[in-house]
Amino acid sequence: MDHRQQHMENVRSVLTTAIYPIQYLINLPAGVGEWLTESLSTRQTLIEQNNSLRAQQFLFNTQLQKLDALAAENMRLRALLDSSINVSDRVLIAELLSVDMKPFTQQVVISKGAHHDVYRDQPILDASGILGQVVHVTPLNSTAMLITDPSHALPVQVNRNGQRAIAMGTGEPNRLELPHLPNNADIEVGDLLVTSGLGGRFPPGYPAARVTLVTRNPGQPFAEVQAEPTGKLESAREVLLVWNNPPEATEEEEQEEETEVPDDDSGEQAP
């Protein structure tokens with residue numbers, strides 16, 4: 001009768017409501033256990049994913065730094081190659097192997113030598129200007145003296161008016177001196193100094209330094225002039241070797257001198 005007419009529905013509803021707290025308490029431990037298991041599993045999964053993402057981020061950052069370094073190197077090499085257009089048809093890029101920037105010695109060792117046709121007194125440049133010249137050559141590498149070496153002298157001229165001068169090294173990587181310039185010399189702060197080409201060692205018209213100080217003392221015969229090199233002497237990693245005065249001409253001159261016959265006993269030179 002209850003199944004057909006549902007006379008006990010209200011009674012069942014009341015009983016269900018009354019025993020619901022008991023059912024909840026009975027099911028509470030199992031529910032808490034499932035929640036804890038799921039929470040701990042989710043937390044462990046998040047920790048593992050976080051560690052994995054951190055490792056991937058570290059790897060990507062390392063690769064990105066390498067790409068940045070390669071991009072910077074590419075830009076430097078492009079700048080070197082672009083600068084070679086105004087210098088010579090034959091150029092060679094070399095890497096710096098070591099740097100000696102002592103106060104009394106400003107020299108670098110480059111990765112090219114006699115095996116690459118490098119010769120003594122060969123100029124080296126970077127994308128910003130003159131760096132120095134080769135002073136010692138070995139088969140696989142060479143030593144170059146920077147223009148800031150105290151024993152180095154570079155013939156220059158003011159790009160604005162052609163005023164000639166000699167830029168002397170001071171032993172400091174950011175300072176050159178121009179001695180023996182009279183007080184009335186037309187030179188000003190900010191003037192660009194370019195190579196004059198005198199002496200034949202350096203290509204003419206290439207940036208060398210920019211004037212930073214001009215002091216004229218009426219009681220002194222010469223003005224005090226200082227300049228800062230345009231080349232990146234402290235940060236350069238690659239240099240450009242220029243065949244401005246190739247050694248072949250020097251060898252030909254030596255051969256011509258060797259073919260001369262010494263004077264005979266009569267004092268007349270043989271043809």
# chains A, B, ... in the order shown; residues from 1 in each chain; ligands from 1
>>> residues_around(residues="Pro155 in chain A", least_positions_apart="2", cutoff="7 Å", atoms="only C-alpha atoms", output="PyMOL selection string")
chain A and resi 153+165-167+195-196+198
>>> write_last_selection(atoms="N, CA and C atoms", output="compact mmCIF listing (two decimals), in the first residue's frame")
# COMPACT_ATOMS: atom_id res chain seq x y z
N ALA A 153 103.73 57.07 -31.89
CA ALA A 153 103.42 58.39 -32.46
C ALA A 153 102.63 58.19 -33.74
N ALA A 165 99.47 67.34 -37.10
CA ALA A 165 100.01 67.19 -35.76
C ALA A 165 100.46 65.75 -35.58
N ILE A 166 101.08 65.50 -34.43
CA ILE A 166 101.51 64.15 -34.05
C ILE A 166 100.78 63.78 -32.76
N ALA A 167 100.04 62.68 -32.79
CA ALA A 167 99.32 62.20 -31.62
C ALA A 167 100.21 61.20 -30.89
N THR A 195 93.88 60.25 -39.71
CA THR A 195 95.24 59.95 -40.13
C THR A 195 95.61 60.77 -41.36
N SER A 196 96.82 61.30 -41.35
CA SER A 196 97.27 62.14 -42.47
C SER A 196 97.87 61.31 -43.59
N LEU A 198 100.95 60.44 -43.71
CA LEU A 198 102.39 60.68 -43.78
C LEU A 198 103.13 59.49 -43.17
>>> residues_around(residues="Val158 in chain A", least_positions_apart="3", cutoff="8 Å", atoms="only C-alpha atoms", output="JSON list (two decimals) with C-alpha atoms, in the first residue's frame")
[["chain", "number", "residue", "atom", "x", "y", "z"],
["A", 161, "ASN", "CA", 91.01, 72.40, -41.71],
["A", 162, "GLY", "CA", 93.89, 69.99, -42.38],
["A", 163, "GLN", "CA", 96.07, 71.17, -39.48],
["A", 164, "ARG", "CA", 98.81, 68.54, -39.09],
["A", 187, "ILE", "CA", 92.35, 73.47, -33.29],
["A", 191, "ASP", "CA", 87.66, 68.50, -33.68],
["A", 192, "LEU", "CA", 88.01, 65.10, -35.30],
["A", 193, "LEU", "CA", 91.59, 63.97, -35.89],
["A", 194, "VAL", "CA", 92.13, 61.69, -38.88]]
>>> closest_residue(among="A:Leu131, A:Val108, A:Val14, A:Val137", to="Ala209 in chain A", atoms="only C-alpha atoms")
A:Leu131
>>> residues_around(residues="Arg201 in chain A", least_positions_apart="5", cutoff="7 Å", atoms="only C-alpha atoms", output="PDB file with C-alpha atoms, in the first residue's frame")
ATOM      1  CA  ASP A 121     104.117  47.894 -39.056  1.00  0.00           C
ATOM      2  CA  GLN A 122     100.772  46.741 -40.501  1.00  0.00           C
ATOM      3  CA  PRO A 123      97.926  48.960 -39.206  1.00  0.00           C
ATOM      4  CA  ASN A 244      97.973  49.590 -46.665  1.00  0.00           C
ATOM      5  CA  ASN A 245     101.683  49.151 -47.371  1.00  0.00           C
TER       6      ASN A 245
END
>>> residues_around(residues="range 236-238 of chain A", least_positions_apart="3", cutoff="6 Å", atoms="only C-alpha atoms", output="ChimeraX atom specification")
/A:94-96,232-233
>>> select_by_dssp(residues="range 8-200 of chain A", states="strand (DSSP E)", output="number ranges by chain")
A: 91-102, 105-110, 123-125, 130-137, 142-146, 153-158, 164-169, 176-177, 181-182, 192-195
>>> write_last_selection(atoms="C-alpha atoms", output="PDB file, in the first residue's frame")
ATOM      1  CA  VAL A  91      91.563  43.205 -45.224  1.00  0.00           C
ATOM      2  CA  LEU A  92      91.555  40.460 -42.610  1.00  0.00           C
ATOM      3  CA  ILE A  93      89.627  40.128 -39.362  1.00  0.00           C
ATOM      4  CA  ALA A  94      91.581  38.880 -36.332  1.00  0.00           C
ATOM      5  CA  GLU A  95      90.552  38.115 -32.770  1.00  0.00           C
ATOM      6  CA  LEU A  96      92.277  39.451 -29.677  1.00  0.00           C
ATOM      7  CA  LEU A  97      94.067  36.681 -27.768  1.00  0.00           C
ATOM      8  CA  SER A  98      95.446  38.762 -24.908  1.00  0.00           C
ATOM      9  CA  VAL A  99      95.614  42.395 -23.834  1.00  0.00           C
ATOM     10  CA  ASP A 100      98.449  44.126 -21.979  1.00  0.00           C
ATOM     11  CA  MET A 101      97.230  47.531 -20.774  1.00  0.00           C
ATOM     12  CA  LYS A 102     100.001  48.416 -18.341  1.00  0.00           C
ATOM     13  CA  THR A 105     102.993  49.095 -22.299  1.00  0.00           C
ATOM     14  CA  GLN A 106      99.816  49.171 -24.365  1.00  0.00           C
ATOM     15  CA  GLN A 107      99.921  46.045 -26.538  1.00  0.00           C
ATOM     16  CA  VAL A 108      97.609  43.275 -27.702  1.00  0.00           C
ATOM     17  CA  VAL A 109      98.168  39.830 -29.207  1.00  0.00           C
ATOM     18  CA  ILE A 110      96.023  38.954 -32.230  1.00  0.00           C
ATOM     19  CA  PRO A 123      97.926  48.960 -39.206  1.00  0.00           C
ATOM     20  CA  ILE A 124      95.052  47.514 -37.207  1.00  0.00           C
ATOM     21  CA  LEU A 125      91.642  49.164 -37.000  1.00  0.00           C
ATOM     22  CA  ILE A 130      92.696  53.411 -35.686  1.00  0.00           C
ATOM     23  CA  LEU A 131      93.846  51.044 -32.938  1.00  0.00           C
ATOM     24  CA  GLY A 132      97.573  50.618 -33.566  1.00  0.00           C
ATOM     25  CA  GLN A 133     100.141  48.751 -35.621  1.00  0.00           C
ATOM     26  CA  VAL A 134     101.830  45.360 -35.650  1.00  0.00           C
ATOM     27  CA  VAL A 135     105.267  45.354 -34.014  1.00  0.00           C
ATOM     28  CA  HIS A 136     106.100  41.640 -33.845  1.00  0.00           C
ATOM     29  CA  VAL A 137     105.035  38.776 -36.117  1.00  0.00           C
ATOM     30  CA  SER A 142     101.212  38.782 -33.858  1.00  0.00           C
ATOM     31  CA  THR A 143     101.747  41.512 -31.299  1.00  0.00           C
ATOM     32  CA  ALA A 144     100.383  44.983 -31.983  1.00  0.00           C
ATOM     33  CA  MET A 145     101.167  48.258 -30.244  1.00  0.00           C
ATOM     34  CA  LEU A 146      98.175  50.467 -29.532  1.00  0.00           C
ATOM     35  CA  ALA A 153     103.423  58.389 -32.456  1.00  0.00           C
ATOM     36  CA  LEU A 154     100.648  58.771 -35.024  1.00  0.00           C
ATOM     37  CA  PRO A 155     100.646  61.423 -37.782  1.00  0.00           C
ATOM     38  CA  VAL A 156      97.210  63.048 -37.802  1.00  0.00           C
ATOM     39  CA  GLN A 157      95.470  66.112 -39.123  1.00  0.00           C
ATOM     40  CA  VAL A 158      92.390  68.068 -38.102  1.00  0.00           C
ATOM     41  CA  ARG A 164      98.805  68.542 -39.088  1.00  0.00           C
ATOM     42  CA  ALA A 165     100.014  67.193 -35.755  1.00  0.00           C
ATOM     43  CA  ILE A 166     101.508  64.151 -34.055  1.00  0.00           C
ATOM     44  CA  ALA A 167      99.324  62.201 -31.616  1.00  0.00           C
ATOM     45  CA  MET A 168     101.497  60.710 -28.884  1.00  0.00           C
ATOM     46  CA  GLY A 169     100.456  57.879 -26.577  1.00  0.00           C
ATOM     47  CA  LEU A 176      96.473  61.101 -26.390  1.00  0.00           C
ATOM     48  CA  GLU A 177      98.642  64.204 -26.428  1.00  0.00           C
ATOM     49  CA  LEU A 181     101.290  72.797 -31.475  1.00  0.00           C
ATOM     50  CA  PRO A 182     101.671  76.610 -31.346  1.00  0.00           C
ATOM     51  CA  LEU A 192      88.015  65.096 -35.298  1.00  0.00           C
ATOM     52  CA  LEU A 193      91.589  63.965 -35.887  1.00  0.00           C
ATOM     53  CA  VAL A 194      92.129  61.692 -38.876  1.00  0.00           C
ATOM     54  CA  THR A 195      95.244  59.953 -40.128  1.00  0.00           C
TER      55      THR A 195
END
>>> atom_distance(atom1="CA of Phe222 in chain A", atom2="CA of Leu178 in chain A")
10.0 Å
>>> atom_distance(atom1="CA of His180 in chain A", atom2="CA of Thr215 in chain A")
12.6 Å
>>> atom_distance(atom1="CA of Glu234 in chain A", atom2="CA of Ile147 in chain A")
12.2 Å
>>> residues_around(residues="Val214 in chain A", least_positions_apart="6", cutoff="8 Å", atoms="only C-alpha atoms", output="count of residues only")
7
>>> select_by_dssp(residues="range 59-210 of chain A", states="alpha helix (DSSP H)", output="count of residues only")
25
